[in-house]
Amino acid sequence: MSDTAERPAFVTGPPPGSHSAGNGLWRSLRRGAGAFLRQREATVFTVVVALFLYFTVDSSNFFTHANMDNLLSGVAAPYILLAIGEVLLLICGEIDLSVGFTVTLAPFLMFFLISYDGVPVILAIIIALIFGLVVGLVNAFLTVTLRLPSFIATLGTSFVLYGLVLTTSHAEPVSIPTSAEHIGKFFGNETTSGWGWSAIIWAVLLVVIFQVVLTRTRWGLHTVAVGGNLLGAREAGISVARIKYGNFMITGMLGALVGIQIAFYDNTIDPSAGGYNYMFYAVAAAVLGGTAMLGGAGTIVGGFLGALLLAIFTDGFAIIGVSANPLFIVFGLGILVAMIANVQLGRIREAGGH
């Protein structure tokens with residue numbers, strides 16, 4: 001019998017491979033969408049994009065060079081940098097309420113060193129950053145060594161720092177020393193450099209670095225382990241004290257960096273800059289980005305997106321002429337929703353759900 005006679009007269013269905021490419025693409029898209037939605041940062045990323053598009057369409061003044069400079073370097077960058085430190089601390093089960101006052105005091109220290117002691121500008125900036133590390137060291141000593149709750153310990157140091165600011169500055173702002181003005185271009189001062197993007201570049205660069213540290217290094221693994229299971233981390237040989245000391249010191253140094261950036265960006269050193277507002281925004285950014293307040297979970301990228309969300313809200317409301325008063329209602333509800341979601345997801349994971 002010939003091959004022709006053996007072949008069926010009618011074959012149902014499409015020719016082999018006719019839809020395989022289309023089906024494969026669809027399956028890939030579904031898998032990609034599923035993987036995206038499983039990420040902690042998916043929701044806040046979606047909200048950030050939606051808000052950015054909304055304000056861009058609603059106001060022609062939003063997506064302009066001047067406003068993007070203000071939004072990214074003037075508003076978002078400080079929140080982002082402080083959120084990095086708070087994310088690390090929250091993941092390992094601690095918090096720093098004093099970082100906003102490190103923001104306030106560090107540039108005054110730089111000013112006093114330059115103006116009264118004749119210290120070179122670069123050295124004065126380095127000393128101010130080291131001061132941030134020392135504040136973090138003190139907070140860690142009170143929390144880890146003396147075993148005070150970090151909430152109480154850092155609340156106490158925040159009052160001490162604020163008292164030092166008011167005492168040394170006489171509660172009056174000062175201008176950036178003339179000898180230091182040329183450094184402003186490295187911290188986002190557009191008036192001295194004609195280009196005000198330095199602050200956001202610092203922020204993005206440090207987000208990348210610390211995201212890698214948190215997700216790809218032993219330090220990051222130990223940070224998560226300490227916050228997720230303190231007893232288990234100790235039994236595994238992890239130095240809990242070293243991890244907490246290090247993260248407190250990182251947070252303090254980032255606070256000092258933010259203070260110096262704000263001073264150069266505004267071209268003035270103000271005793272009202274920083275304070276609790278910046279700290280609360282940093283913690284809010286961390287929580288909105290998926291960091292668990294109880295420790296053990298969170299990402300630097302999430303904190304970055306949370307800070308962007310807060311900055312876009314703040315700037316966008318001002319651009320379209322909406323009162324800032326309802327903004328805090330939105331922030332509060334957003335934090336509550338994020339916390340409820342974190343708690344519920346934690347329970348699901350503990351129950352073995354996915």
# chains A, B, ... in the order shown; residues from 1 in each chain; ligands from 1
>>> closest_atom_pairs(of="segment 264-330 of chain A", to="segment 153-159 of chain A", cutoff="12 Å", atoms="only C-alpha atoms", output="CSV")
residue,atom,partner,partner_atom,distance
A:Gly274,CA,A:Ser158,CA,11.2
A:Gly275,CA,A:Ser158,CA,8.3
A:Tyr276,CA,A:Ser158,CA,8.6
A:Met279,CA,A:Ser158,CA,10.5
>>> atom_distance(atom1="atom CA of Phe186 of chain A", atom2="atom CA of Thr64 of chain A")
22.0 Å
>>> residues_around(residues="Gly227 of chain A", least_positions_apart="6", cutoff="9 Å", atoms="only C-alpha atoms", output="PyMOL selection string")
chain A and resi 89-94+233+294-297
>>> write_last_selection(atoms="C-alpha atoms", output="PDB file, in the first residue's frame")
ATOM      1  CA  LEU A  89      17.113  48.620  60.652  1.00  0.00           C
ATOM      2  CA  LEU A  90      13.480  47.568  60.334  1.00  0.00           C
ATOM      3  CA  ILE A  91      14.501  44.307  58.668  1.00  0.00           C
ATOM      4  CA  CYS A  92      16.753  43.461  61.599  1.00  0.00           C
ATOM      5  CA  GLY A  93      14.043  44.433  64.073  1.00  0.00           C
ATOM      6  CA  GLU A  94      15.059  47.970  65.087  1.00  0.00           C
ATOM      7  CA  ALA A 233      20.339  33.565  64.072  1.00  0.00           C
ATOM      8  CA  LEU A 294       8.238  43.346  62.817  1.00  0.00           C
ATOM      9  CA  GLY A 295      11.451  42.541  60.953  1.00  0.00           C
ATOM     10  CA  GLY A 296      12.687  39.822  58.676  1.00  0.00           C
ATOM     11  CA  ALA A 297      11.436  41.115  55.325  1.00  0.00           C
TER      12      ALA A 297
END
>>> select_by_dssp(residues="segment 168-234 of chain A", states="alpha helix (DSSP H)", output="mmCIF file with N, CA and C atoms, in the first residue's frame")
data_model
loop_
_atom_site.group_PDB
_atom_site.id
_atom_site.type_symbol
_atom_site.label_atom_id
_atom_site.label_comp_id
_atom_site.auth_asym_id
_atom_site.auth_seq_id
_atom_site.Cartn_x
_atom_site.Cartn_y
_atom_site.Cartn_z
ATOM 1 N N THR A 168 23.712 75.452 69.757
ATOM 2 C CA THR A 168 24.889 75.898 69.003
ATOM 3 C C THR A 168 24.544 76.890 67.897
ATOM 4 N N SER A 169 23.354 76.774 67.338
ATOM 5 C CA SER A 169 22.979 77.661 66.220
ATOM 6 C C SER A 169 22.174 78.861 66.676
ATOM 7 N N GLU A 190 21.976 73.682 42.144
ATOM 8 C CA GLU A 190 21.889 74.123 40.762
ATOM 9 C C GLU A 190 22.400 75.546 40.579
ATOM 10 N N THR A 191 22.344 76.359 41.626
ATOM 11 C CA THR A 191 22.766 77.746 41.485
ATOM 12 C C THR A 191 24.273 77.871 41.298
ATOM 13 N N THR A 192 25.029 76.913 41.822
ATOM 14 C CA THR A 192 26.486 76.989 41.679
ATOM 15 C C THR A 192 27.004 76.126 40.531
ATOM 16 N N SER A 193 26.193 75.188 40.063
ATOM 17 C CA SER A 193 26.678 74.292 39.015
ATOM 18 C C SER A 193 25.846 74.352 37.740
ATOM 19 N N SER A 198 22.609 66.018 41.071
ATOM 20 C CA SER A 198 23.591 65.240 41.833
ATOM 21 C C SER A 198 22.953 64.462 42.985
ATOM 22 N N ALA A 199 22.000 65.073 43.677
ATOM 23 C CA ALA A 199 21.400 64.424 44.848
ATOM 24 C C ALA A 199 20.686 63.128 44.474
ATOM 25 N N ILE A 200 19.930 63.140 43.393
ATOM 26 C CA ILE A 200 19.203 61.929 43.004
ATOM 27 C C ILE A 200 20.165 60.879 42.455
ATOM 28 N N ILE A 201 21.263 61.312 41.846
ATOM 29 C CA ILE A 201 22.266 60.350 41.383
ATOM 30 C C ILE A 201 22.891 59.635 42.574
ATOM 31 N N TRP A 202 23.228 60.399 43.631
ATOM 32 C CA TRP A 202 23.714 59.780 44.869
ATOM 33 C C TRP A 202 22.709 58.751 45.376
ATOM 34 N N ALA A 203 21.439 59.143 45.392
ATOM 35 C CA ALA A 203 20.398 58.267 45.941
ATOM 36 C C ALA A 203 20.276 56.978 45.146
ATOM 37 N N VAL A 204 20.209 57.077 43.824
ATOM 38 C CA VAL A 204 20.053 55.885 42.982
ATOM 39 C C VAL A 204 21.275 54.980 43.105
ATOM 40 N N LEU A 205 22.459 55.585 43.110
ATOM 41 C CA LEU A 205 23.689 54.801 43.229
ATOM 42 C C LEU A 205 23.710 54.016 44.537
ATOM 43 N N LEU A 206 23.337 54.656 45.634
ATOM 44 C CA LEU A 206 23.352 53.975 46.928
ATOM 45 C C LEU A 206 22.230 52.946 47.033
ATOM 46 N N VAL A 207 21.102 53.181 46.370
ATOM 47 C CA VAL A 207 20.041 52.168 46.331
ATOM 48 C C VAL A 207 20.549 50.897 45.664
ATOM 49 N N VAL A 208 21.235 51.052 44.543
ATOM 50 C CA VAL A 208 21.783 49.884 43.834
ATOM 51 C C VAL A 208 22.789 49.150 44.721
ATOM 52 N N ILE A 209 23.689 49.899 45.343
ATOM 53 C CA ILE A 209 24.725 49.289 46.176
ATOM 54 C C ILE A 209 24.106 48.517 47.339
ATOM 55 N N PHE A 210 23.187 49.142 48.049
ATOM 56 C CA PHE A 210 22.633 48.495 49.237
ATOM 57 C C PHE A 210 21.621 47.405 48.896
ATOM 58 N N GLN A 211 20.992 47.497 47.718
ATOM 59 C CA GLN A 211 20.145 46.382 47.295
ATOM 60 C C GLN A 211 21.000 45.140 47.045
ATOM 61 N N VAL A 212 22.147 45.339 46.433
ATOM 62 C CA VAL A 212 23.078 44.224 46.219
ATOM 63 C C VAL A 212 23.583 43.698 47.556
ATOM 64 N N VAL A 213 23.923 44.609 48.474
ATOM 65 C CA VAL A 213 24.387 44.194 49.801
ATOM 66 C C VAL A 213 23.322 43.361 50.508
ATOM 67 N N LEU A 214 22.068 43.803 50.429
ATOM 68 C CA LEU A 214 20.991 43.124 51.144
ATOM 69 C C LEU A 214 20.649 41.772 50.533
ATOM 70 N N THR A 215 20.739 41.665 49.225
ATOM 71 C CA THR A 215 20.269 40.442 48.555
ATOM 72 C C THR A 215 21.376 39.501 48.109
ATOM 73 N N ARG A 216 22.623 39.991 48.053
ATOM 74 C CA ARG A 216 23.681 39.163 47.465
ATOM 75 C C ARG A 216 24.890 38.973 48.373
ATOM 76 N N ARG A 218 26.620 38.235 52.498
ATOM 77 C CA ARG A 218 26.392 37.614 53.799
ATOM 78 C C ARG A 218 25.801 38.620 54.784
ATOM 79 N N TRP A 219 26.238 39.889 54.679
ATOM 80 C CA TRP A 219 25.702 40.909 55.579
ATOM 81 C C TRP A 219 24.180 41.013 55.424
ATOM 82 N N GLY A 220 23.708 41.061 54.191
ATOM 83 C CA GLY A 220 22.283 41.148 53.950
ATOM 84 C C GLY A 220 21.540 39.919 54.435
ATOM 85 N N LEU A 221 22.095 38.753 54.168
ATOM 86 C CA LEU A 221 21.484 37.495 54.618
ATOM 87 C C LEU A 221 21.375 37.466 56.140
ATOM 88 N N HIS A 222 22.419 37.902 56.817
ATOM 89 C CA HIS A 222 22.410 37.919 58.280
ATOM 90 C C HIS A 222 21.444 38.968 58.823
ATOM 91 N N THR A 223 21.321 40.108 58.127
ATOM 92 C CA THR A 223 20.365 41.137 58.538
ATOM 93 C C THR A 223 18.943 40.583 58.529
ATOM 94 N N VAL A 224 18.592 39.891 57.446
ATOM 95 C CA VAL A 224 17.259 39.283 57.346
ATOM 96 C C VAL A 224 17.079 38.201 58.400
ATOM 97 N N ALA A 225 18.116 37.401 58.620
ATOM 98 C CA ALA A 225 18.026 36.316 59.592
ATOM 99 C C ALA A 225 17.825 36.852 61.010
ATOM 100 N N VAL A 226 18.517 37.925 61.354
ATOM 101 C CA VAL A 226 18.394 38.509 62.694
ATOM 102 C C VAL A 226 16.972 39.005 62.933
ATOM 103 N N GLY A 227 16.386 39.656 61.934
ATOM 104 C CA GLY A 227 15.030 40.164 62.089
ATOM 105 C C GLY A 227 13.969 39.090 61.999
ATOM 106 N N GLY A 228 14.243 38.053 61.215
ATOM 107 C CA GLY A 228 13.246 37.001 61.033
ATOM 108 C C GLY A 228 13.198 35.994 62.166
ATOM 109 N N LEU A 230 15.521 35.798 65.633
ATOM 110 C CA LEU A 230 16.671 36.236 66.418
ATOM 111 C C LEU A 230 17.363 35.064 67.106
ATOM 112 N N LEU A 231 16.599 34.186 67.738
ATOM 113 C CA LEU A 231 17.186 33.041 68.432
ATOM 114 C C LEU A 231 17.882 32.113 67.456
ATOM 115 N N GLY A 232 17.225 31.848 66.325
ATOM 116 C CA GLY A 232 17.837 30.982 65.317
ATOM 117 C C GLY A 232 19.114 31.573 64.759
ATOM 118 N N ALA A 233 19.133 32.908 64.575
ATOM 119 C CA ALA A 233 20.339 33.565 64.072
ATOM 120 C C ALA A 233 21.496 33.404 65.054
ATOM 121 N N ARG A 234 21.214 33.547 66.339
ATOM 122 C CA ARG A 234 22.266 33.373 67.345
ATOM 123 C C ARG A 234 22.773 31.939 67.357
#
>>> closest_atom_pairs(of="segment 158-240 of chain A", to="segment 112-119 of chain A", cutoff="10 Å", atoms="only C-alpha atoms", output="Markdown table")
| residue | atom | partner | partner_atom | distance |
| --- | --- | --- | --- | --- |
| A:Thr168 | CA | A:Phe112 | CA | 9.3 |
| A:Ser169 | CA | A:Phe112 | CA | 9.5 |
| A:Ile176 | CA | A:Ser115 | CA | 9.5 |
| A:Pro177 | CA | A:Ser115 | CA | 6.8 |
| A:Thr178 | CA | A:Ser115 | CA | 9.4 |
| A:Ser179 | CA | A:Ile114 | CA | 8.2 |
| A:Ala180 | CA | A:Ile114 | CA | 8.3 |
>>> write_last_selection(atoms="N, CA and C atoms", output="PDB file, in the first residue's frame")
ATOM      1  N   THR A 168      23.712  75.452  69.757  1.00  0.00           N
ATOM      2  CA  THR A 168      24.889  75.898  69.003  1.00  0.00           C
ATOM      3  C   THR A 168      24.544  76.890  67.897  1.00  0.00           C
ATOM      4  N   SER A 169      23.354  76.774  67.338  1.00  0.00           N
ATOM      5  CA  SER A 169      22.979  77.661  66.220  1.00  0.00           C
ATOM      6  C   SER A 169      22.174  78.861  66.676  1.00  0.00           C
ATOM      7  N   ILE A 176      25.795  78.783  53.621  1.00  0.00           N
ATOM      8  CA  ILE A 176      26.940  77.927  53.316  1.00  0.00           C
ATOM      9  C   ILE A 176      28.198  78.794  53.250  1.00  0.00           C
ATOM     10  N   PRO A 177      29.289  78.396  53.901  1.00  0.00           N
ATOM     11  CA  PRO A 177      30.525  79.195  53.816  1.00  0.00           C
ATOM     12  C   PRO A 177      30.962  79.408  52.375  1.00  0.00           C
ATOM     13  N   THR A 178      31.444  80.586  52.086  1.00  0.00           N
ATOM     14  CA  THR A 178      31.853  80.915  50.712  1.00  0.00           C
ATOM     15  C   THR A 178      32.883  79.931  50.185  1.00  0.00           C
ATOM     16  N   SER A 179      33.794  79.506  51.045  1.00  0.00           N
ATOM     17  CA  SER A 179      34.854  78.592  50.615  1.00  0.00           C
ATOM     18  C   SER A 179      34.315  77.212  50.248  1.00  0.00           C
ATOM     19  N   ALA A 180      33.059  76.920  50.643  1.00  0.00           N
ATOM     20  CA  ALA A 180      32.486  75.600  50.372  1.00  0.00           C
ATOM     21  C   ALA A 180      31.500  75.602  49.208  1.00  0.00           C
TER      22      ALA A 180
END
>>> residues_around(residues="Thr268 of chain A", least_positions_apart="3", cutoff="12 Å", atoms="only C-alpha atoms", output="PyMOL selection string")
chain A and resi 104+107-108+111+172-178+180-181+184+189+259-265+271-273
>>> atom_distance(atom1="atom CA of Val48 of chain A", atom2="atom CA of Ile312 of chain A")
7.7 Å
>>> atom_distance(atom1="atom CA of Phe62 of chain A", atom2="atom CA of Val103 of chain A")
27.8 Å
>>> residues_around(residues="Val44 of chain A", least_positions_apart="4", cutoff="7 Å", atoms="only C-alpha atoms", output="list in words")
Val48, Leu288, Gly289, Leu305 and Gly306 of chain A
